>>> print(open('start24.cif').read())   # mmCIF, C-alpha atoms and all ligand atoms
data_entry
#
loop_
_atom_site.label_atom_id
_atom_site.label_comp_id
_atom_site.auth_asym_id
_atom_site.auth_seq_id
_atom_site.Cartn_x
_atom_site.Cartn_y
_atom_site.Cartn_z
CA MET P 1 80.00 -86.94 -13.43
CA SER P 2 78.47 -83.48 -13.15
CA VAL P 3 75.31 -82.76 -11.14
CA GLY P 4 73.06 -79.74 -11.39
CA ILE P 5 69.98 -78.09 -12.84
CA ASP P 6 68.51 -79.98 -15.77
CA GLU P 7 65.31 -77.97 -16.32
CA ILE P 8 63.48 -74.94 -14.88
CA SER P 9 59.84 -74.01 -15.14
CA PHE P 10 58.05 -71.27 -13.22
CA TYR P 11 54.52 -70.06 -12.65
CA THR P 12 52.99 -66.86 -11.37
CA SER P 13 49.45 -65.56 -10.95
CA ASN P 14 47.45 -64.14 -13.84
CA TYR P 15 46.83 -60.88 -11.92
CA TYR P 16 49.20 -58.00 -11.33
CA LEU P 17 49.09 -54.50 -9.90
CA ASP P 18 51.20 -51.87 -11.62
CA LEU P 19 53.22 -50.00 -8.99
CA ARG P 20 52.29 -46.72 -10.71
CA THR P 21 48.73 -47.44 -9.54
CA LEU P 22 49.93 -48.01 -5.97
CA ALA P 23 52.03 -44.84 -6.07
CA GLN P 24 49.07 -42.83 -7.36
CA VAL P 25 46.83 -44.01 -4.49
CA GLN P 26 49.60 -43.29 -1.97
CA GLY P 27 50.36 -39.87 -3.47
CA ALA P 28 53.94 -41.06 -3.99
CA ASP P 29 56.28 -40.59 -6.96
CA PRO P 30 56.09 -43.75 -9.13
CA GLU P 31 59.85 -43.41 -9.73
CA LYS P 32 60.38 -44.38 -6.11
CA TYR P 33 59.22 -47.85 -7.16
CA TYR P 34 60.27 -47.98 -10.82
CA THR P 35 63.78 -46.62 -10.13
CA GLY P 36 64.25 -46.47 -6.34
CA ILE P 37 63.52 -50.15 -5.66
CA GLY P 38 63.56 -51.20 -9.33
CA GLN P 39 60.12 -52.80 -9.45
CA GLU P 40 57.29 -52.22 -11.95
CA LYS P 41 54.55 -54.72 -11.19
CA MET P 42 53.61 -57.12 -8.44
CA ALA P 43 51.84 -60.43 -9.02
CA ILE P 44 48.77 -60.92 -6.82
CA ALA P 45 47.49 -64.43 -6.16
CA ALA P 46 43.95 -65.33 -7.30
CA PRO P 47 41.42 -66.21 -4.58
CA ASP P 48 41.62 -69.92 -5.49
CA GLU P 49 45.41 -70.02 -5.64
CA ASP P 50 47.98 -70.93 -2.97
CA ILE P 51 51.50 -72.37 -2.76
CA VAL P 52 50.21 -75.83 -3.73
CA THR P 53 48.38 -74.81 -6.90
CA MET P 54 51.25 -72.53 -7.96
CA ALA P 55 53.76 -75.33 -7.33
CA ALA P 56 51.76 -77.88 -9.33
CA ASN P 57 51.42 -75.39 -12.19
CA ALA P 58 55.17 -74.73 -12.19
CA ALA P 59 56.07 -78.43 -12.13
CA LEU P 60 53.51 -79.69 -14.67
CA PRO P 61 55.61 -79.04 -17.83
CA LEU P 62 58.54 -80.98 -16.30
CA VAL P 63 56.40 -83.95 -15.29
CA GLU P 64 54.71 -83.98 -18.71
CA ARG P 65 58.15 -84.32 -20.31
CA ILE P 66 59.83 -86.90 -18.08
CA GLY P 67 56.75 -88.76 -16.85
CA PRO P 68 55.51 -88.99 -13.25
CA GLU P 69 57.49 -92.19 -12.54
CA ALA P 70 60.83 -90.45 -13.07
CA VAL P 71 60.72 -88.22 -9.97
CA GLY P 72 62.40 -90.06 -7.07
CA THR P 73 62.19 -87.26 -4.50
CA LEU P 74 60.21 -84.03 -4.27
CA LEU P 75 61.67 -81.32 -2.03
CA PHE P 76 59.26 -78.44 -1.41
CA ALA P 77 60.70 -75.13 -0.18
CA THR P 78 58.37 -72.47 1.17
CA GLU P 79 57.82 -69.90 3.90
CA THR P 80 54.10 -69.68 3.17
CA GLY P 81 53.39 -73.04 4.86
CA ILE P 82 49.73 -74.14 4.97
CA ASP P 83 50.04 -76.83 7.63
CA GLN P 84 52.25 -77.35 10.67
CA SER P 85 52.47 -81.08 10.05
CA LYS P 86 51.75 -82.18 6.50
CA ALA P 87 54.19 -81.22 3.73
CA ALA P 88 52.52 -79.11 1.03
CA GLY P 89 54.39 -81.20 -1.54
CA ILE P 90 52.17 -84.20 -0.82
CA TYR P 91 49.19 -82.40 -2.39
CA VAL P 92 51.41 -81.62 -5.39
CA HIS P 93 52.47 -85.29 -5.50
CA ARG P 94 48.80 -86.27 -5.95
CA LEU P 95 47.91 -83.47 -8.38
CA LEU P 96 50.83 -84.44 -10.64
CA GLY P 97 50.27 -88.19 -10.26
CA LEU P 98 53.81 -88.85 -8.98
CA HIS P 99 54.75 -92.42 -8.06
CA SER P 100 53.97 -93.68 -4.54
CA ASN P 101 57.70 -94.53 -4.17
CA CYS P 102 58.61 -90.83 -4.46
CA ARG P 103 59.60 -89.30 -1.10
CA VAL P 104 58.26 -85.82 -0.27
CA VAL P 105 59.41 -83.34 2.36
CA GLU P 106 59.03 -79.60 3.05
CA LEU P 107 61.92 -77.28 3.96
CA LYS P 108 61.91 -73.88 5.65
CA GLN P 109 64.44 -71.09 6.17
CA ALA P 110 62.91 -67.95 4.70
CA CYS P 111 64.00 -67.31 1.11
CA TYR P 112 67.06 -69.55 1.44
CA SER P 113 65.45 -72.99 1.71
CA ALA P 114 65.22 -73.71 -2.04
CA THR P 115 69.01 -73.50 -2.12
CA ALA P 116 69.28 -75.96 0.79
CA ALA P 117 66.89 -78.22 -1.15
CA ILE P 118 69.07 -78.00 -4.27
CA GLN P 119 72.23 -78.88 -2.33
CA MET P 120 70.45 -81.84 -0.75
CA ALA P 121 69.12 -82.86 -4.15
CA CYS P 122 72.67 -82.77 -5.59
CA ALA P 123 73.86 -85.04 -2.77
CA LEU P 124 71.01 -87.50 -3.44
CA VAL P 125 71.76 -87.54 -7.16
CA ALA P 126 75.48 -88.07 -6.49
CA ARG P 127 74.52 -91.20 -4.52
CA GLN P 128 72.04 -92.47 -7.12
CA PRO P 129 72.84 -90.82 -10.46
CA GLU P 130 69.98 -92.57 -12.25
CA ARG P 131 67.39 -90.80 -10.03
CA ARG P 132 66.01 -87.30 -10.57
CA VAL P 133 65.04 -84.97 -7.75
CA MET P 134 62.44 -82.27 -8.20
CA VAL P 135 62.87 -79.11 -6.14
CA ILE P 136 59.88 -76.79 -5.97
CA ALA P 137 59.95 -73.35 -4.35
CA SER P 138 56.60 -71.62 -3.96
CA ASP P 139 55.64 -68.49 -2.02
CA ILE P 140 53.25 -65.59 -1.67
CA ALA P 141 55.01 -62.47 -0.34
CA ARG P 142 52.63 -60.41 1.79
CA TYR P 143 53.27 -57.32 3.90
CA ASP P 144 50.84 -55.06 5.74
CA LEU P 145 49.09 -52.42 3.64
CA ASP P 146 50.67 -48.96 3.68
CA THR P 147 54.05 -50.22 4.88
CA PRO P 148 57.36 -49.81 2.99
CA GLY P 149 57.31 -53.54 2.21
CA GLU P 150 53.94 -53.39 0.43
CA ALA P 151 55.43 -52.49 -2.96
CA THR P 152 57.74 -55.53 -2.79
CA GLN P 153 54.95 -58.11 -2.63
CA GLY P 154 54.56 -60.77 -5.31
CA CYS P 155 53.96 -64.48 -5.77
CA GLY P 156 55.36 -67.33 -7.77
CA ALA P 157 56.63 -70.88 -7.86
CA VAL P 158 59.57 -72.46 -9.61
CA ALA P 159 60.23 -76.14 -10.27
CA LEU P 160 63.77 -77.39 -10.95
CA LEU P 161 64.89 -80.85 -11.95
CA ILE P 162 68.21 -81.84 -10.40
CA SER P 163 70.00 -84.61 -12.25
CA ALA P 164 73.31 -86.11 -13.29
CA ASP P 165 74.74 -84.61 -16.51
CA PRO P 166 72.27 -81.70 -16.38
CA ARG P 167 71.29 -79.81 -19.54
CA LEU P 168 71.26 -76.27 -18.02
CA VAL P 169 73.75 -75.59 -15.23
CA SER P 170 76.33 -77.90 -13.72
CA LEU P 171 76.79 -76.94 -10.04
CA ASP P 172 80.21 -76.84 -8.35
CA PRO P 173 80.48 -78.60 -4.96
CA GLU P 174 82.23 -75.71 -3.15
CA VAL P 175 79.99 -73.24 -1.28
CA GLY P 176 80.34 -70.39 1.21
CA ASN P 177 77.77 -70.18 4.01
CA TYR P 178 76.89 -67.53 6.56
CA THR P 179 74.39 -67.90 9.40
CA GLU P 180 73.49 -65.42 12.13
CA ASP P 181 70.51 -65.16 14.50
CA VAL P 182 68.99 -61.79 13.49
CA MET P 183 65.43 -60.40 13.44
CA ASP P 184 65.35 -58.61 10.10
CA PHE P 185 62.23 -60.29 8.72
CA TRP P 186 60.01 -62.95 10.27
CA ARG P 187 56.41 -64.17 10.36
CA PRO P 188 55.11 -65.60 13.65
CA ASN P 189 52.51 -68.39 13.30
CA TYR P 190 49.67 -66.06 14.27
CA ARG P 191 50.33 -63.62 11.41
CA SER P 192 49.57 -63.81 7.69
CA THR P 193 51.93 -60.95 6.86
CA ALA P 194 55.63 -60.65 7.56
CA LEU P 195 57.14 -58.34 10.14
CA VAL P 196 60.20 -56.62 8.81
CA ASP P 197 62.88 -54.17 9.86
CA GLY P 198 63.34 -53.11 6.24
CA LYS P 199 66.48 -50.97 6.28
CA TYR P 200 68.18 -53.36 8.72
CA SER P 201 67.30 -56.30 6.46
CA THR P 202 69.11 -54.71 3.52
CA LYS P 203 72.22 -54.18 5.70
CA ILE P 204 72.19 -57.78 6.92
CA TYR P 205 71.74 -59.00 3.33
CA LEU P 206 74.92 -57.13 2.33
CA LYS P 207 76.83 -58.31 5.38
CA ALA P 208 75.82 -61.91 4.68
CA LEU P 209 76.97 -61.53 1.07
CA LYS P 210 80.41 -60.36 2.17
CA ARG P 211 80.81 -63.17 4.67
CA ALA P 212 79.46 -65.91 2.39
CA TRP P 213 81.70 -64.71 -0.46
CA GLU P 214 84.78 -64.69 1.81
CA GLN P 215 84.06 -68.24 2.86
CA PHE P 216 83.39 -69.27 -0.74
CA ARG P 217 86.78 -67.88 -1.73
CA GLN P 218 88.46 -70.05 0.90
CA ALA P 219 86.61 -73.13 -0.33
CA SER P 220 86.81 -72.61 -4.09
CA PRO P 221 89.69 -72.00 -6.54
CA LEU P 222 87.42 -69.54 -8.44
CA THR P 223 87.94 -65.79 -8.22
CA PHE P 224 85.60 -62.90 -9.08
CA SER P 225 86.99 -62.65 -12.62
CA ASP P 226 86.02 -66.28 -13.35
CA PHE P 227 82.34 -65.28 -13.31
CA SER P 228 80.50 -63.77 -16.25
CA ARG P 229 77.06 -63.44 -14.58
CA PHE P 230 75.68 -63.28 -11.03
CA CYS P 231 72.23 -64.30 -9.74
CA TYR P 232 71.25 -62.72 -6.44
CA HIS P 233 68.26 -63.33 -4.22
CA LEU P 234 65.74 -60.77 -5.49
CA PRO P 235 63.48 -59.18 -2.86
CA PHE P 236 63.45 -56.25 -5.35
CA SER P 237 65.82 -55.67 -8.21
CA ARG P 238 67.65 -52.66 -6.72
CA MET P 239 68.83 -54.95 -3.88
CA ALA P 240 70.74 -57.09 -6.38
CA GLN P 241 72.28 -53.98 -7.96
CA LYS P 242 73.51 -52.82 -4.55
CA ALA P 243 74.78 -56.29 -3.71
CA HIS P 244 76.68 -56.51 -6.96
CA GLN P 245 78.25 -53.08 -6.49
CA GLN P 246 79.47 -54.28 -3.09
CA LEU P 247 80.96 -57.48 -4.51
CA VAL P 248 82.69 -55.56 -7.31
CA LYS P 249 84.17 -53.16 -4.76
CA LEU P 250 85.19 -55.92 -2.39
CA ASN P 251 87.13 -57.57 -5.20
CA ARG P 252 88.54 -54.29 -6.54
CA ALA P 253 87.29 -55.34 -9.98
CA ASP P 254 88.01 -52.85 -12.73
CA LEU P 255 84.56 -52.74 -14.35
CA SER P 256 82.65 -49.81 -15.80
CA PRO P 257 79.05 -49.28 -14.55
CA ALA P 258 77.82 -50.70 -17.89
CA GLU P 259 80.00 -53.82 -17.51
CA GLN P 260 78.74 -54.31 -13.95
CA ALA P 261 75.14 -53.94 -15.06
CA ALA P 262 75.67 -56.45 -17.88
CA GLN P 263 76.62 -59.08 -15.29
CA ILE P 264 73.18 -58.98 -13.62
CA ASP P 265 70.65 -57.11 -15.78
CA ALA P 266 69.09 -60.12 -17.52
CA THR P 267 68.47 -61.82 -14.14
CA LEU P 268 66.20 -58.94 -13.07
CA LEU P 269 63.71 -58.83 -15.95
CA TYR P 270 61.10 -61.30 -14.67
CA ASN P 271 61.38 -60.21 -11.04
CA ARG P 272 60.74 -56.56 -11.96
CA ILE P 273 57.28 -57.56 -13.20
CA ILE P 274 56.48 -60.36 -10.72
CA GLY P 275 57.79 -59.03 -7.42
CA ASN P 276 59.29 -61.00 -4.56
CA SER P 277 58.46 -64.69 -4.64
CA TYR P 278 60.71 -65.44 -1.64
CA THR P 279 62.15 -68.98 -2.11
CA ALA P 280 61.44 -68.94 -5.86
CA SER P 281 62.88 -65.49 -6.49
CA MET P 282 66.53 -66.22 -7.30
CA TYR P 283 65.65 -69.22 -9.47
CA ILE P 284 63.11 -67.21 -11.47
CA GLY P 285 66.08 -64.83 -11.84
CA LEU P 286 68.16 -67.70 -13.25
CA ALA P 287 65.37 -68.53 -15.74
CA SER P 288 65.28 -64.84 -16.66
CA LEU P 289 69.05 -64.85 -17.29
CA LEU P 290 69.10 -67.99 -19.43
CA GLU P 291 65.98 -67.08 -21.42
CA ASN P 292 66.79 -63.40 -22.09
CA THR P 293 70.51 -63.34 -22.84
CA ALA P 294 71.24 -63.06 -26.55
CA GLU P 295 74.86 -64.17 -26.11
CA ASP P 296 75.45 -67.92 -25.87
CA LEU P 297 76.33 -68.49 -22.20
CA ALA P 298 77.61 -72.04 -22.72
CA GLY P 299 80.72 -72.71 -20.66
CA GLN P 300 80.37 -69.50 -18.67
CA ARG P 301 80.36 -69.40 -14.87
CA ILE P 302 77.46 -68.01 -12.85
CA GLY P 303 77.80 -66.95 -9.21
CA PHE P 304 74.72 -67.41 -7.02
CA PHE P 305 73.97 -65.57 -3.79
CA SER P 306 71.03 -67.02 -1.91
CA TYR P 307 69.76 -65.14 1.16
CA GLY P 308 67.02 -66.00 3.64
CA SER P 309 66.20 -63.59 6.44
CA GLY P 310 66.79 -64.68 9.96
CA CYS P 311 69.40 -65.39 8.48
CA VAL P 312 71.16 -68.03 6.36
CA ALA P 313 73.08 -67.17 3.20
CA GLU P 314 75.06 -69.14 0.64
CA PHE P 315 77.35 -68.25 -2.23
CA PHE P 316 77.81 -71.02 -4.78
CA SER P 317 78.70 -71.40 -8.43
CA GLY P 318 77.78 -73.24 -11.59
CA ARG P 319 78.76 -73.53 -15.23
CA VAL P 320 76.26 -73.20 -18.08
CA VAL P 321 76.07 -76.36 -20.18
CA ALA P 322 76.50 -76.35 -23.99
CA GLY P 323 73.15 -76.59 -25.78
CA TYR P 324 71.23 -75.29 -22.72
CA ARG P 325 68.78 -73.32 -24.88
CA ARG P 326 67.12 -76.54 -26.07
CA ALA P 327 66.06 -77.32 -22.49
CA LEU P 328 64.45 -73.94 -21.72
CA HIS P 329 60.73 -73.11 -21.48
CA SER P 330 61.14 -69.53 -22.76
CA GLU P 331 58.00 -69.45 -24.94
CA HIS P 332 55.80 -70.89 -22.21
CA HIS P 333 57.09 -68.33 -19.68
CA ARG P 334 56.68 -65.36 -22.02
CA ALA P 335 53.13 -66.46 -22.87
CA LEU P 336 52.34 -66.79 -19.16
CA LEU P 337 53.61 -63.29 -18.39
CA ASN P 338 51.98 -61.71 -21.46
CA ALA P 339 48.57 -63.23 -20.69
CA ARG P 340 48.32 -61.61 -17.24
CA ARG P 341 45.61 -59.09 -16.49
CA GLU P 342 46.28 -55.74 -14.84
CA ILE P 343 44.00 -55.04 -11.88
CA CYS P 344 42.92 -51.72 -10.40
CA TYR P 345 43.59 -50.73 -6.80
CA GLU P 346 40.09 -51.79 -5.64
CA GLU P 347 40.53 -55.27 -7.14
CA TYR P 348 43.94 -55.51 -5.50
CA LEU P 349 42.45 -54.66 -2.10
CA LYS P 350 39.70 -57.24 -2.61
CA LEU P 351 42.21 -59.97 -3.53
CA TYR P 352 44.54 -58.93 -0.69
CA ARG P 353 41.68 -59.30 1.82
CA GLN P 354 40.33 -62.52 0.26
CA GLN P 355 43.13 -64.67 1.65
CA VAL P 356 42.41 -68.21 2.81
CA PRO P 357 40.43 -67.90 6.08
CA CYS P 358 41.85 -69.48 9.23
CA ASP P 359 38.61 -69.59 11.25
CA GLY P 360 38.21 -73.37 10.93
CA GLY P 361 34.97 -72.96 8.95
CA GLU P 362 33.71 -74.37 5.65
CA HIS P 363 34.64 -72.21 2.63
CA THR P 364 34.25 -72.32 -1.13
CA PHE P 365 36.52 -70.06 -3.18
CA PRO P 366 35.47 -68.14 -6.30
CA GLU P 367 37.17 -69.09 -9.57
CA GLY P 368 39.96 -66.71 -10.51
CA THR P 369 43.09 -68.57 -11.55
CA THR P 370 43.84 -69.36 -15.17
CA GLY P 371 46.26 -72.09 -14.05
CA ARG P 372 45.66 -75.83 -14.41
CA PHE P 373 44.92 -76.41 -10.71
CA ARG P 374 42.77 -74.56 -8.20
CA LEU P 375 41.97 -74.52 -4.52
CA ALA P 376 38.22 -75.17 -4.55
CA GLY P 377 37.61 -74.71 -0.83
CA ILE P 378 38.15 -75.90 2.72
CA PHE P 379 35.84 -78.59 4.04
CA HIS P 380 36.22 -80.37 7.41
CA HIS P 381 39.55 -78.52 7.90
CA LYS P 382 40.91 -80.02 4.65
CA ARG P 383 42.00 -77.99 1.61
CA GLU P 384 40.42 -79.37 -1.54
CA TYR P 385 42.53 -79.05 -4.70
CA ILE P 386 41.15 -79.85 -8.13
CA PRO P 387 42.42 -79.72 -11.72
CA CYS P 388 40.76 -77.00 -13.84
P1 LIG R 401 61.44 -47.39 1.92
O1 LIG R 401 61.89 -47.07 3.26
O2 LIG R 401 60.06 -47.02 1.58
O3 LIG R 401 62.32 -46.84 0.78
O4 LIG R 401 61.58 -48.97 1.71
P2 LIG R 401 63.43 -45.67 0.78
O5 LIG R 401 62.83 -44.42 1.24
O6 LIG R 401 64.71 -46.17 1.43
O7 LIG R 401 63.63 -45.62 -0.78
C1 LIG R 401 64.12 -46.70 -1.47
C2 LIG R 401 65.05 -46.19 -2.55
O8 LIG R 401 64.25 -45.41 -3.46
C3 LIG R 401 66.12 -45.23 -2.04
O9 LIG R 401 67.28 -45.48 -2.81
C4 LIG R 401 65.59 -43.86 -2.38
O10 LIG R 401 66.60 -42.89 -2.55
C5 LIG R 401 64.88 -44.15 -3.67
P3 LIG R 401 68.62 -46.01 -2.10
O11 LIG R 401 69.00 -45.01 -1.10
O12 LIG R 401 68.24 -47.31 -1.45
O13 LIG R 401 69.57 -46.19 -3.23
N1 LIG R 401 63.84 -43.18 -4.01
C6 LIG R 401 63.67 -42.69 -5.25
N2 LIG R 401 64.30 -42.91 -6.40
C7 LIG R 401 63.85 -42.26 -7.51
N3 LIG R 401 62.82 -41.38 -7.50
C8 LIG R 401 62.17 -41.13 -6.36
C9 LIG R 401 62.57 -41.79 -5.17
N4 LIG R 401 62.14 -41.78 -3.88
C10 LIG R 401 62.93 -42.63 -3.20
N5 LIG R 401 61.15 -40.26 -6.34
C11 LIG R 401 62.69 -51.08 1.95
C12 LIG R 401 62.69 -49.71 1.25
C13 LIG R 401 63.65 -52.00 1.25
C14 LIG R 401 63.12 -50.90 3.39
C15 LIG R 401 61.24 -51.65 1.88
O14 LIG R 401 60.87 -51.87 0.54
C16 LIG R 401 61.05 -52.93 2.66
O15 LIG R 401 60.89 -52.94 3.88
N6 LIG R 401 61.02 -54.09 1.95
C17 LIG R 401 60.82 -55.40 2.55
C18 LIG R 401 62.11 -55.96 3.13
C19 LIG R 401 63.11 -56.34 2.07
O16 LIG R 401 62.77 -56.60 0.93
N7 LIG R 401 64.41 -56.43 2.45
C20 LIG R 401 65.43 -56.83 1.54
C21 LIG R 401 66.58 -57.58 2.23
S1 LIG R 401 65.96 -58.94 3.22
C22 LIG R 401 65.58 -60.15 2.02
O17 LIG R 401 65.95 -60.06 0.91
C23 LIG R 401 64.76 -61.32 2.50
C24 LIG R 401 63.30 -61.33 2.11
O18 LIG R 401 63.17 -61.69 0.75
C25 LIG R 401 62.51 -62.28 3.01
C26 LIG R 401 63.02 -63.69 3.24
O19 LIG R 401 64.19 -64.01 3.26
O20 LIG R 401 62.14 -64.51 3.51
C27 LIG R 401 62.66 -59.96 2.28
#
>>> encode(input="start24.cif", output="structure tokens")
Amino acid sequence: MSVGIDEISFYTSNYYLDLRTLAQVQGADPEKYYTGIGQEKMAIAAPDEDIVTMAANAALPLVERIGPEAVGTLLFATETGIDQSKAAGIYVHRLLGLHSNCRVVELKQACYSATAAIQMACALVARQPERRVMVIASDIARYDLDTPGEATQGCGAVALLISADPRLVSLDPEVGNYTEDVMDFWRPNYRSTALVDGKYSTKIYLKALKRAWEQFRQASPLTFSDFSRFCYHLPFSRMAQKAHQQLVKLNRADLSPAEQAAQIDATLLYNRIIGNSYTASMYIGLASLLENTAEDLAGQRIGFFSYGSGCVAEFFSGRVVAGYRRALHSEHHRALLNARREICYEEYLKLYRQQVPCDGGEHTFPEGTTGRFRLAGIFHHKREYIPC
């Protein structure tokens, strides 16, 4: 029996800032963003949008297809937690009308935790192959204004169904992990924006890739040449290009620059116009690969490198299933991205500053999202979510 990813659906905000606009305000060369970090646009959350509404929006198409009774477990990965105690997934459980027998839990380890959730989901499905596990990753990436990280902000959520005999990608059991206690990126409880040692974080990312790959090679019979495509964690698309160059070099693979690019280019398309969505980022990259590759990928192997600052990393692999195109939500995703509205710098600043208050007061939020769920306000310390 194979276990893996049966379906993927993602969601991002209906607002974006073009990085040319940011560069213009900063007096910087737009090519620093478009080419230097490989990003064009960043998604900015609406004032009535948070990880819960984005998650519910991402998961809705899956629940509409399989029915709310079919989800046995919901694993919610995020580093934009809204409560120290209650799992954000429980709000999603109610909004989607999932069964009261469905277990819900939240996982955290920076951008890596969706991968931990998927591995746990695979183990659950291996024990009970008739059950389906939903993994949702949802995050809003925020850095201080006028810092190098600002241009790498973004937001998004992805929902994945993990099942036996999956229709998209069958995952191999062998993995390579790397963990090290480092302070490259972190967000203490009293901050709404991340602290980051940017250049150091890119070095640690590459070190973790090398070490996770080496361990993967010990665990798995697969070699570099067995893979046709690679999905990397995508803080910005240039990071994946650098990572892939390193892996190619490490394996002394005889590939032209064009051949190297072809192994990752399709994974970058959505991220370039959404920005970093932390836990969701690599899996939006997988959707981008499957939905934008003209060649039939059936039977081909994909290598995945998941990285979460702090840090934990994992290299793992999967094989694309024959007929996978029938299970994709390509049209829905393209329509979502095409319907977004560009905002000017002043609107961006307003949205940036309009984040959910943490003063313990009563608040009503203006309507802004075009999604199916919104955060109406906070009353008596409780977030109130409603369908639109
Ligand atoms: P910076 O210091 O502003 O950028 O920020 P830079 O000056 O190093 O320039 C970046 C690149 O643009 C350079 O290319 C420049 O040469 C080029 P490189 O040397 O890297 O190849 N450049 C230009 N290219 C064309 N035309 C121009 C031009 N000007 C410059 N005119 C930094 C870069 C990544 C540090 C910053 O964006 C940052 O701090 N980002 C946030 C941290 C981050 O994303 N780290 C990535 C690894 S950690 C990770 O992935 C985990 C994370 O997702 C969080 C989690 O796990 O929860 C972040």
>>> closest_residue(input="start24.cif", among="P:Tyr112, P:Tyr324, P:Phe227, P:Tyr178", to="ligand LIG 401 (chain R)", atoms="only C-alpha atoms and all ligand atoms")
P:Tyr112
>>> residues_near_ligand(input="start24.cif", ligand="ligand LIG 401 (chain R)", cutoff="9 Å", atoms="all atoms listed in the file", output="PyMOL selection string")
chain P and resi 28-38+79+109-112+141+143+147-153+184-187+194-206+233-236+238-239+242+276-279+281+307-312
>>> write_last_selection(input="start24.cif", atoms="C-alpha atoms", output="compact mmCIF listing (two decimals), in the frame of the given file")
# COMPACT_ATOMS: atom_id res chain seq x y z
CA ALA P 28 53.94 -41.06 -3.99
CA ASP P 29 56.28 -40.59 -6.96
CA PRO P 30 56.09 -43.75 -9.13
CA GLU P 31 59.85 -43.41 -9.73
CA LYS P 32 60.38 -44.38 -6.11
CA TYR P 33 59.22 -47.85 -7.16
CA TYR P 34 60.27 -47.98 -10.82
CA THR P 35 63.78 -46.62 -10.13
CA GLY P 36 64.25 -46.47 -6.34
CA ILE P 37 63.52 -50.15 -5.66
CA GLY P 38 63.56 -51.20 -9.33
CA GLU P 79 57.82 -69.90 3.90
CA GLN P 109 64.44 -71.09 6.17
CA ALA P 110 62.91 -67.95 4.70
CA CYS P 111 64.00 -67.31 1.11
CA TYR P 112 67.06 -69.55 1.44
CA ALA P 141 55.01 -62.47 -0.34
CA TYR P 143 53.27 -57.32 3.90
CA THR P 147 54.05 -50.22 4.88
CA PRO P 148 57.36 -49.81 2.99
CA GLY P 149 57.31 -53.54 2.21
CA GLU P 150 53.94 -53.39 0.43
CA ALA P 151 55.43 -52.49 -2.96
CA THR P 152 57.74 -55.53 -2.79
CA GLN P 153 54.95 -58.11 -2.63
CA ASP P 184 65.35 -58.61 10.10
CA PHE P 185 62.23 -60.29 8.72
CA TRP P 186 60.01 -62.95 10.27
CA ARG P 187 56.41 -64.17 10.36
CA ALA P 194 55.63 -60.65 7.56
CA LEU P 195 57.14 -58.34 10.14
CA VAL P 196 60.20 -56.62 8.81
CA ASP P 197 62.88 -54.17 9.86
CA GLY P 198 63.34 -53.11 6.24
CA LYS P 199 66.48 -50.97 6.28
CA TYR P 200 68.18 -53.36 8.72
CA SER P 201 67.30 -56.30 6.46
CA THR P 202 69.11 -54.71 3.52
CA LYS P 203 72.22 -54.18 5.70
CA ILE P 204 72.19 -57.78 6.92
CA TYR P 205 71.74 -59.00 3.33
CA LEU P 206 74.92 -57.13 2.33
CA HIS P 233 68.26 -63.33 -4.22
CA LEU P 234 65.74 -60.77 -5.49
CA PRO P 235 63.48 -59.18 -2.86
CA PHE P 236 63.45 -56.25 -5.35
CA ARG P 238 67.65 -52.66 -6.72
CA MET P 239 68.83 -54.95 -3.88
CA LYS P 242 73.51 -52.82 -4.55
CA ASN P 276 59.29 -61.00 -4.56
CA SER P 277 58.46 -64.69 -4.64
CA TYR P 278 60.71 -65.44 -1.64
CA THR P 279 62.15 -68.98 -2.11
CA SER P 281 62.88 -65.49 -6.49
CA TYR P 307 69.76 -65.14 1.16
CA GLY P 308 67.02 -66.00 3.64
CA SER P 309 66.20 -63.59 6.44
CA GLY P 310 66.79 -64.68 9.96
CA CYS P 311 69.40 -65.39 8.48
CA VAL P 312 71.16 -68.03 6.36
>>> closest_atom_pairs(input="start24.cif", of="range 215-275 of chain P", to="range 298-306 of chain P", cutoff="7 Å", atoms="only C-alpha atoms", output="tab-separated table")
residue	atom	partner	partner_atom	distance
P:Asp226	CA	P:Arg301	CA	6.6
P:Phe227	CA	P:Arg301	CA	4.8
P:Ser228	CA	P:Arg301	CA	5.8
P:Arg229	CA	P:Ile302	CA	4.9
P:Phe230	CA	P:Gly303	CA	4.6
P:Cys231	CA	P:Phe304	CA	4.8
P:Tyr232	CA	P:Phe305	CA	4.7
P:His233	CA	P:Ser306	CA	5.2
>>> closest_residue(input="start24.cif", among="P:Thr53, P:Thr80, P:Thr73, P:Gln215", to="Pro188 in chain P", atoms="only C-alpha atoms")
P:Thr80
>>> closest_residue(input="start24.cif", among="P:Leu95, P:Val63, P:Met1, P:Leu290", to="Arg374 in chain P", atoms="all atoms listed in the file")
P:Leu95
>>> closest_residue(input="start24.cif", among="P:Ser256, P:Ser13, P:Gln26, P:Gln128", to="Ser163 in chain P", atoms="only C-alpha atoms")
P:Gln128
>>> residues_around(input="start24.cif", residues="Gly377 in chain P", least_positions_apart="5", cutoff="12 Å", atoms="only C-alpha atoms", output="PyMOL selection string")
chain P and resi 47-50+355-357+360-367+382-386
>>> atom_distance(input="start24.cif", atom1="CA of Ile90 in chain P", atom2="CA of Thr115 in chain P")
20.0 Å
>>> residues_around(input="start24.cif", residues="Tyr11 in chain P", least_positions_apart="5", cutoff="7 Å", atoms="all atoms listed in the file", output="MDAnalysis selection string")
chainID P and resid 54 57:58 156:158
>>> atom_distance(input="start24.cif", atom1="CA of Ala43 in chain P", atom2="CA of Thr12 in chain P")
6.9 Å
>>> atom_distance(input="start24.cif", atom1="CA of Gly4 in chain P", atom2="CA of Asp165 in chain P")
7.3 Å
